[in-house]
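Participant: Below you'll find upload-v3.txt; it's compact mmCIF, C-alpha atoms.
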```
# COMPACT_ATOMS: atom_id res chain seq x y z
CA MET A 4 109.74 67.83 106.44
CA LYS A 5 110.86 64.77 104.48
CA ASN A 6 108.25 62.45 103.01
CA ARG A 7 107.86 59.30 100.92
CA LEU A 8 105.03 60.58 98.79
CA LYS A 9 106.98 60.44 95.52
CA VAL A 10 108.00 56.82 96.16
CA LEU A 11 104.48 55.75 97.10
CA ARG A 12 103.06 57.51 94.07
CA ALA A 13 105.64 55.91 91.78
CA GLU A 14 104.83 52.45 93.20
CA ARG A 15 101.26 52.93 92.00
CA ASP A 16 102.36 54.49 88.72
CA TRP A 17 100.28 57.59 89.37
CA SER A 18 101.17 60.98 87.96
CA GLN A 19 101.07 64.05 90.20
CA ALA A 20 97.85 65.09 88.46
CA VAL A 21 96.21 61.70 89.17
CA LEU A 22 97.21 61.84 92.82
CA GLY A 23 95.99 65.42 92.98
CA ASP A 24 92.60 64.35 91.61
CA LYS A 25 92.37 61.57 94.21
CA LEU A 26 93.16 63.99 97.02
CA ASP A 27 91.14 66.86 95.53
CA VAL A 28 94.15 69.15 95.39
CA SER A 29 96.11 70.62 92.50
CA ARG A 30 99.11 69.04 90.80
CA GLN A 31 101.13 72.03 92.04
CA THR A 32 100.26 71.12 95.63
CA ILE A 33 101.44 67.52 95.16
CA ASN A 34 104.67 68.79 93.63
CA ALA A 35 105.21 71.24 96.50
CA ILE A 36 104.69 68.47 99.10
CA GLU A 37 106.97 66.02 97.27
CA THR A 38 109.78 68.54 96.94
CA GLY A 39 109.46 69.53 100.61
CA ARG A 40 108.46 73.10 99.80
CA TYR A 41 105.14 72.71 101.57
CA ASP A 42 104.07 70.70 104.61
CA PRO A 43 100.43 69.63 104.29
CA SER A 44 97.83 70.39 106.93
CA LEU A 45 96.86 67.62 109.33
CA PRO A 46 93.57 66.85 107.48
CA LEU A 47 95.43 66.55 104.16
CA ALA A 48 98.17 64.42 105.75
CA PHE A 49 95.45 62.08 107.10
CA LYS A 50 93.83 61.97 103.66
CA ILE A 51 97.18 61.03 102.07
CA ALA A 52 97.81 58.38 104.71
CA ARG A 53 94.32 56.87 104.22
CA LEU A 54 94.75 56.81 100.44
CA PHE A 55 97.99 54.84 100.69
CA GLY A 56 96.80 52.68 103.59
CA ARG A 57 99.63 53.87 105.83
CA THR A 58 100.02 55.94 108.96
CA ILE A 59 101.12 59.56 108.77
CA GLU A 60 104.45 58.61 110.39
CA ASP A 61 105.07 56.06 107.62
CA ILE A 62 104.84 58.80 105.01
CA PHE A 63 106.09 61.92 106.77
CA GLU A 64 109.28 62.10 108.75
CA ASP A 65 109.43 64.85 111.33
CA LYS A 66 113.19 65.01 111.67
CA PRO A 67 114.61 68.06 113.47
CA GLU A 68 117.23 70.06 111.62
CA GLU A 69 120.73 68.62 111.99
CA SER A 70 122.56 71.25 114.02
CA PRO A 71 125.50 70.95 116.44
CA GLU A 72 123.11 71.77 119.34
CA ASN A 73 120.68 69.00 118.37
CA ILE A 74 123.46 66.48 117.84
CA SER A 75 125.01 67.22 121.26
CA ALA A 76 121.56 67.09 122.94
CA ASP A 77 120.87 63.72 121.27
CA ALA A 78 124.26 62.46 122.41
CA LYS A 79 123.50 63.48 126.00
CA LEU A 80 120.15 61.66 125.92
CA ALA A 81 121.66 58.46 124.55
CA PRO A 82 122.28 55.80 127.23
CA MET B 13 87.42 72.25 94.79
CA GLN B 14 90.28 71.84 92.35
CA THR B 15 92.30 74.85 91.29
CA LYS B 16 91.28 74.58 87.63
CA HIS B 17 87.57 74.44 88.53
CA ALA B 18 87.93 77.40 90.88
CA HIS B 19 89.77 79.30 88.15
CA ARG B 20 87.03 78.52 85.62
CA ARG B 21 84.34 79.73 88.03
CA TYR B 22 86.35 82.89 88.67
CA MET B 23 86.77 83.64 84.96
CA LYS B 24 83.03 83.09 84.38
CA LEU B 25 82.39 85.92 86.82
CA PHE B 26 85.42 88.09 86.02
CA ILE B 27 84.87 88.43 82.24
CA PRO B 28 81.19 89.55 82.35
CA ALA B 29 81.85 91.79 85.37
CA MET B 30 84.70 93.55 83.57
CA ALA B 31 82.70 93.84 80.32
CA LEU B 32 79.76 95.39 82.21
CA TYR B 33 82.16 97.66 84.08
CA LEU B 34 83.63 98.88 80.78
CA PHE B 35 80.21 99.43 79.19
CA SER B 36 78.90 101.29 82.24
CA MET B 37 82.03 103.49 82.34
CA ILE B 38 81.67 104.35 78.64
CA GLY B 39 77.93 104.98 79.05
CA ILE B 40 78.31 107.23 82.09
CA SER B 41 81.25 109.13 80.55
CA PHE B 42 79.12 109.70 77.45
CA ALA B 43 76.18 110.88 79.59
CA ARG B 44 78.44 113.29 81.49
CA LYS B 45 80.03 114.65 78.33
CA HIS B 46 76.69 115.32 76.64
CA ASP B 47 74.85 116.46 79.80
CA THR B 48 72.14 113.87 79.32
CA LEU B 49 71.78 113.22 83.06
CA PRO B 50 71.06 115.76 85.80
CA GLU B 51 73.70 116.03 88.52
CA PRO B 52 71.93 113.96 91.21
CA MET B 53 71.33 111.18 88.68
CA LEU B 54 74.98 111.36 87.62
CA TYR B 55 76.04 110.73 91.21
CA ALA B 56 73.85 107.64 91.34
CA ALA B 57 75.05 106.47 87.92
CA ALA B 58 78.69 106.87 88.95
CA ILE B 59 78.15 104.12 91.52
CA ILE B 60 77.08 101.58 88.84
CA PRO B 61 80.65 100.69 87.70
CA ALA B 62 81.61 100.21 91.35
CA VAL B 63 78.98 97.48 91.64
CA PHE B 64 80.83 95.43 89.02
CA ILE B 65 84.15 96.04 90.77
CA ILE B 66 82.57 94.83 94.04
CA ILE B 67 81.27 91.71 92.23
CA TRP B 68 84.79 91.11 90.90
CA ILE B 69 86.38 91.52 94.36
CA LEU B 70 83.81 89.16 95.91
CA GLY B 71 84.48 86.69 93.07
CA HIS B 72 88.19 86.88 93.80
CA MET B 73 87.51 86.19 97.48
CA ARG B 74 85.41 83.16 96.51
CA TYR B 75 88.19 82.01 94.16
CA ILE B 76 90.77 82.08 96.97
CA HIS B 77 88.35 80.31 99.29
CA GLU B 78 87.80 77.50 96.76
CA LEU B 79 91.50 76.78 96.15
CA ASP B 80 93.33 73.96 97.89
CA GLU B 81 95.41 74.81 100.93
CA PHE B 82 98.77 75.29 99.18
CA MET B 83 97.43 77.46 96.35
CA GLN B 84 95.36 79.36 98.91
CA LYS B 85 98.50 80.08 100.91
CA LEU B 86 100.22 81.55 97.84
CA GLN B 87 97.18 83.69 97.04
CA VAL B 88 96.83 84.98 100.60
CA LYS B 89 100.53 85.91 100.67
CA ALA B 90 100.14 87.82 97.39
CA VAL B 91 97.01 89.60 98.69
CA LEU B 92 98.94 90.66 101.81
CA PHE B 93 101.72 92.06 99.62
CA GLY B 94 99.12 93.87 97.50
CA LEU B 95 97.45 95.39 100.56
CA ALA B 96 100.74 96.35 102.19
CA GLY B 97 102.04 97.84 98.94
CA ILE B 98 98.97 99.96 98.23
CA MET B 99 98.76 101.14 101.87
CA ILE B 100 102.42 102.19 101.80
CA ILE B 101 101.97 104.07 98.52
CA ALA B 102 98.72 105.70 99.73
CA THR B 103 100.37 106.77 102.98
CA ILE B 104 103.47 108.19 101.31
CA TRP B 105 101.49 110.00 98.61
CA GLY B 106 98.91 111.21 101.13
CA LEU B 107 101.64 112.73 103.28
CA MET B 108 103.21 114.31 100.20
CA GLU B 109 99.82 115.84 99.35
CA GLU B 110 99.26 117.12 102.88
CA LEU B 111 102.75 118.32 103.68
CA ALA B 112 104.36 119.15 100.35
CA GLY B 113 101.41 120.08 98.13
CA ALA B 114 101.78 117.16 95.72
CA PRO B 115 98.91 116.86 93.21
CA ALA B 116 95.92 114.85 94.48
CA LEU B 117 95.57 111.42 92.90
CA PRO B 118 92.07 109.96 92.40
CA VAL B 119 91.21 107.46 95.15
CA PHE B 120 89.88 105.30 92.34
CA TYR B 121 93.48 104.14 91.61
CA VAL B 122 93.55 102.10 94.82
CA VAL B 123 91.94 99.00 93.26
CA PRO B 124 94.06 98.83 90.07
CA GLY B 125 97.12 99.67 92.18
CA PHE B 126 96.33 96.86 94.57
CA TYR B 127 95.79 94.35 91.74
CA PHE B 128 99.00 95.41 90.02
CA ILE B 129 101.10 94.83 93.16
CA TYR B 130 99.17 91.65 94.02
CA GLY B 131 99.75 90.29 90.48
CA LEU B 132 103.48 90.99 90.57
CA ALA B 133 103.73 89.51 94.08
CA TYR B 134 101.85 86.39 93.02
CA ILE B 135 104.19 85.78 90.05
CA ILE B 136 107.25 86.02 92.34
CA ILE B 137 105.68 83.98 95.18
CA ALA B 138 104.49 81.24 92.79
CA LYS B 139 107.92 81.07 91.13
CA ARG B 140 109.67 80.81 94.50
CA ALA B 141 107.26 78.06 95.56
CA GLY B 142 108.14 76.05 92.46
CA VAL B 143 104.81 76.67 90.72
CA LYS B 144 105.72 77.38 87.14
CA GLY B 145 104.05 78.20 83.85
CA TRP B 146 100.33 78.45 83.25
CA GLY B 147 99.81 75.69 85.79
CA ALA B 148 100.13 78.36 88.43
CA TYR B 149 96.98 80.04 87.21
CA LEU B 150 94.87 77.22 85.74
```
Using structure tokens, write down the structure from this file.
Facilitator:
Amino acid sequence: MKNRLKVLRAERDWSQAVLGDKLDVSRQTINAIETGRYDPSLPLAFKIARLFGRTIEDIFEDKPEESPENISADAKLAP
Amino acid sequence: MQTKHAHRRYMKLFIPAMALYLFSMIGISFARKHDTLPEPMLYAAAIIPAVFIIIWILGHMRYIHELDEFMQKLQVKAVLFGLAGIMIIATIWGLMEELAGAPALPVFYVVPGFYFIYGLAYIIIAKRAGVKGWGAYL
């Protein structure tokens, strides 16, 4: 899952450790979320969204994998 | 609770538990060697080191419980590898004992065996998850 966490963090000039402290998680967890290696739980996603004053959808992008099947299905759905 | 705080709490329990385990093992081995305890008492005394191992295991469970969700996930994965590994080894060796007459290994080796496999698994899992250096443990 793609996300804008790194950008939002950079806008506030926070380090991963600072953001981790604010969210009560480790720096390693912030790094894993930013690099897309870990998708946070719903409670943590809400916590992140609240901290940045955004909605979850603003921060996390649930984009399905680009595959030929998905592309053709999308094309069929398009008007 | 933050990982570093959970780790600190774990070490505060782990170090004294292991020190007491070591002292009790030395004490009971000494008592056995010099026949200072009668046999029934020796049976009871042999359980004392196990108490410290149980405290350590419970401390480890608390440590995992106190970690944040991502670090918890890595730990749980490593524990599963440790359990699977030690069960596979115990099954294979047990069958070799039963069916081929292999020498009997002390059951006591299950805990160190589990922690050895768990430790190796955790290093690999943490590395694959992008958690590097001492930050993975502190």
Participant: Near Tyr134 (chain B), within 12 Å and counting all atoms listed in the file, which residues show up once chain neighbours fewer than 2 positions away are dropped, as a ChimeraX atom specification?
Facilitator: /B:83-94,126-132,136-141,143-144,148-149
Participant: Return the neighbours of chain A among the residues of chain B, cut-off 6 Å, counting all atoms listed in the file, as number ranges by chain.
Facilitator: B: 14-15, 80, 82
Participant: Calculate how many Å separate CA of Leu32 (chain B) from CA of Arg44 (chain B), rounding to one decimal.
Facilitator: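 Going from CA of Leu32 (chain B) over to CA of Arg44 (chain B), I get 18.0 Å.
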Participant: Just the number, please: distance in Å from CA of Phe64 (chain B) to CA of Phe35 (chain B), one decimal.
Facilitator: 10.6 Å
Participant: Just give me the residues with any atom within 12 Å of (85.3, 79.0, 89.6), file coordinates, counting only C-alpha atoms, written as a PDB file with C-alpha atoms, in the coordinates of the input.
Facilitator:
```
ATOM      1  CA  MET B  13      87.420  72.250  94.790  1.00  0.00           C
ATOM      2  CA  GLN B  14      90.280  71.840  92.350  1.00  0.00           C
ATOM      3  CA  THR B  15      92.300  74.850  91.290  1.00  0.00           C
ATOM      4  CA  LYS B  16      91.280  74.580  87.630  1.00  0.00           C
ATOM      5  CA  HIS B  17      87.570  74.440  88.530  1.00  0.00           C
ATOM      6  CA  ALA B  18      87.930  77.400  90.880  1.00  0.00           C
ATOM      7  CA  HIS B  19      89.770  79.300  88.150  1.00  0.00           C
ATOM      8  CA  ARG B  20      87.030  78.520  85.620  1.00  0.00           C
ATOM      9  CA  ARG B  21      84.340  79.730  88.030  1.00  0.00           C
ATOM     10  CA  TYR B  22      86.350  82.890  88.670  1.00  0.00           C
ATOM     11  CA  MET B  23      86.770  83.640  84.960  1.00  0.00           C
ATOM     12  CA  LYS B  24      83.030  83.090  84.380  1.00  0.00           C
ATOM     13  CA  LEU B  25      82.390  85.920  86.820  1.00  0.00           C
ATOM     14  CA  PHE B  26      85.420  88.090  86.020  1.00  0.00           C
ATOM     15  CA  ILE B  27      84.870  88.430  82.240  1.00  0.00           C
ATOM     16  CA  GLY B  71      84.480  86.690  93.070  1.00  0.00           C
ATOM     17  CA  HIS B  72      88.190  86.880  93.800  1.00  0.00           C
ATOM     18  CA  MET B  73      87.510  86.190  97.480  1.00  0.00           C
ATOM     19  CA  ARG B  74      85.410  83.160  96.510  1.00  0.00           C
ATOM     20  CA  TYR B  75      88.190  82.010  94.160  1.00  0.00           C
ATOM     21  CA  ILE B  76      90.770  82.080  96.970  1.00  0.00           C
ATOM     22  CA  HIS B  77      88.350  80.310  99.290  1.00  0.00           C
ATOM     23  CA  GLU B  78      87.800  77.500  96.760  1.00  0.00           C
ATOM     24  CA  LEU B  79      91.500  76.780  96.150  1.00  0.00           C
ATOM     25  CA  TYR B 149      96.980  80.040  87.210  1.00  0.00           C
ATOM     26  CA  LEU B 150      94.870  77.220  85.740  1.00  0.00           C
TER      27      LEU B 150
END
```
Participant: Between CA of Pro124 (chain B) and CA of Lys45 (chain B), what is the distance, to one decimal in Å?
Facilitator: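 Separation of CA of Pro124 (chain B) and CA of Lys45 (chain B): 24.2 Å.
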Participant: Report as number ranges by chain all protein, DNA and RNA residues lying within 12 Å of Ala52 (chain A), evaluated on only C-alpha atoms, omitting residues in the same chain fewer than 2 positions from it.
Facilitator: A: 6-8, 11-12, 26, 43, 45-50, 54-63
Participant: Taking 6 positions as the minimum chain separation for residues in the same chain, which residues sit within 12 Å of region 119-122 of chain B when counting all atoms listed in the file? Answer as a PDB file with C-alpha atoms, in the frame of the given file.
Facilitator:
```
ATOM      1  CA  ALA B  58      78.690 106.870  88.950  1.00  0.00           C
ATOM      2  CA  ILE B  59      78.150 104.120  91.520  1.00  0.00           C
ATOM      3  CA  PRO B  61      80.650 100.690  87.700  1.00  0.00           C
ATOM      4  CA  ALA B  62      81.610 100.210  91.350  1.00  0.00           C
ATOM      5  CA  ILE B  65      84.150  96.040  90.770  1.00  0.00           C
ATOM      6  CA  GLY B  94      99.120  93.870  97.500  1.00  0.00           C
ATOM      7  CA  LEU B  95      97.450  95.390 100.560  1.00  0.00           C
ATOM      8  CA  ALA B  96     100.740  96.350 102.190  1.00  0.00           C
ATOM      9  CA  GLY B  97     102.040  97.840  98.940  1.00  0.00           C
ATOM     10  CA  ILE B  98      98.970  99.960  98.230  1.00  0.00           C
ATOM     11  CA  MET B  99      98.760 101.140 101.870  1.00  0.00           C
ATOM     12  CA  ILE B 100     102.420 102.190 101.800  1.00  0.00           C
ATOM     13  CA  ILE B 101     101.970 104.070  98.520  1.00  0.00           C
ATOM     14  CA  ALA B 102      98.720 105.700  99.730  1.00  0.00           C
ATOM     15  CA  THR B 103     100.370 106.770 102.980  1.00  0.00           C
ATOM     16  CA  TRP B 105     101.490 110.000  98.610  1.00  0.00           C
ATOM     17  CA  GLY B 106      98.910 111.210 101.130  1.00  0.00           C
ATOM     18  CA  PHE B 128      99.000  95.410  90.020  1.00  0.00           C
ATOM     19  CA  ILE B 129     101.100  94.830  93.160  1.00  0.00           C
ATOM     20  CA  TYR B 130      99.170  91.650  94.020  1.00  0.00           C
TER      21      TYR B 130
END
```
Participant: Of the residues B:Ile135, B:Leu70, B:Leu117, B:Ala57, which is the one nearest to Ala43 (chain B), using all atoms listed in the file?
Facilitator: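 Looking at the shortest contact to Ala43 (chain B), the residue is B:Ala57.
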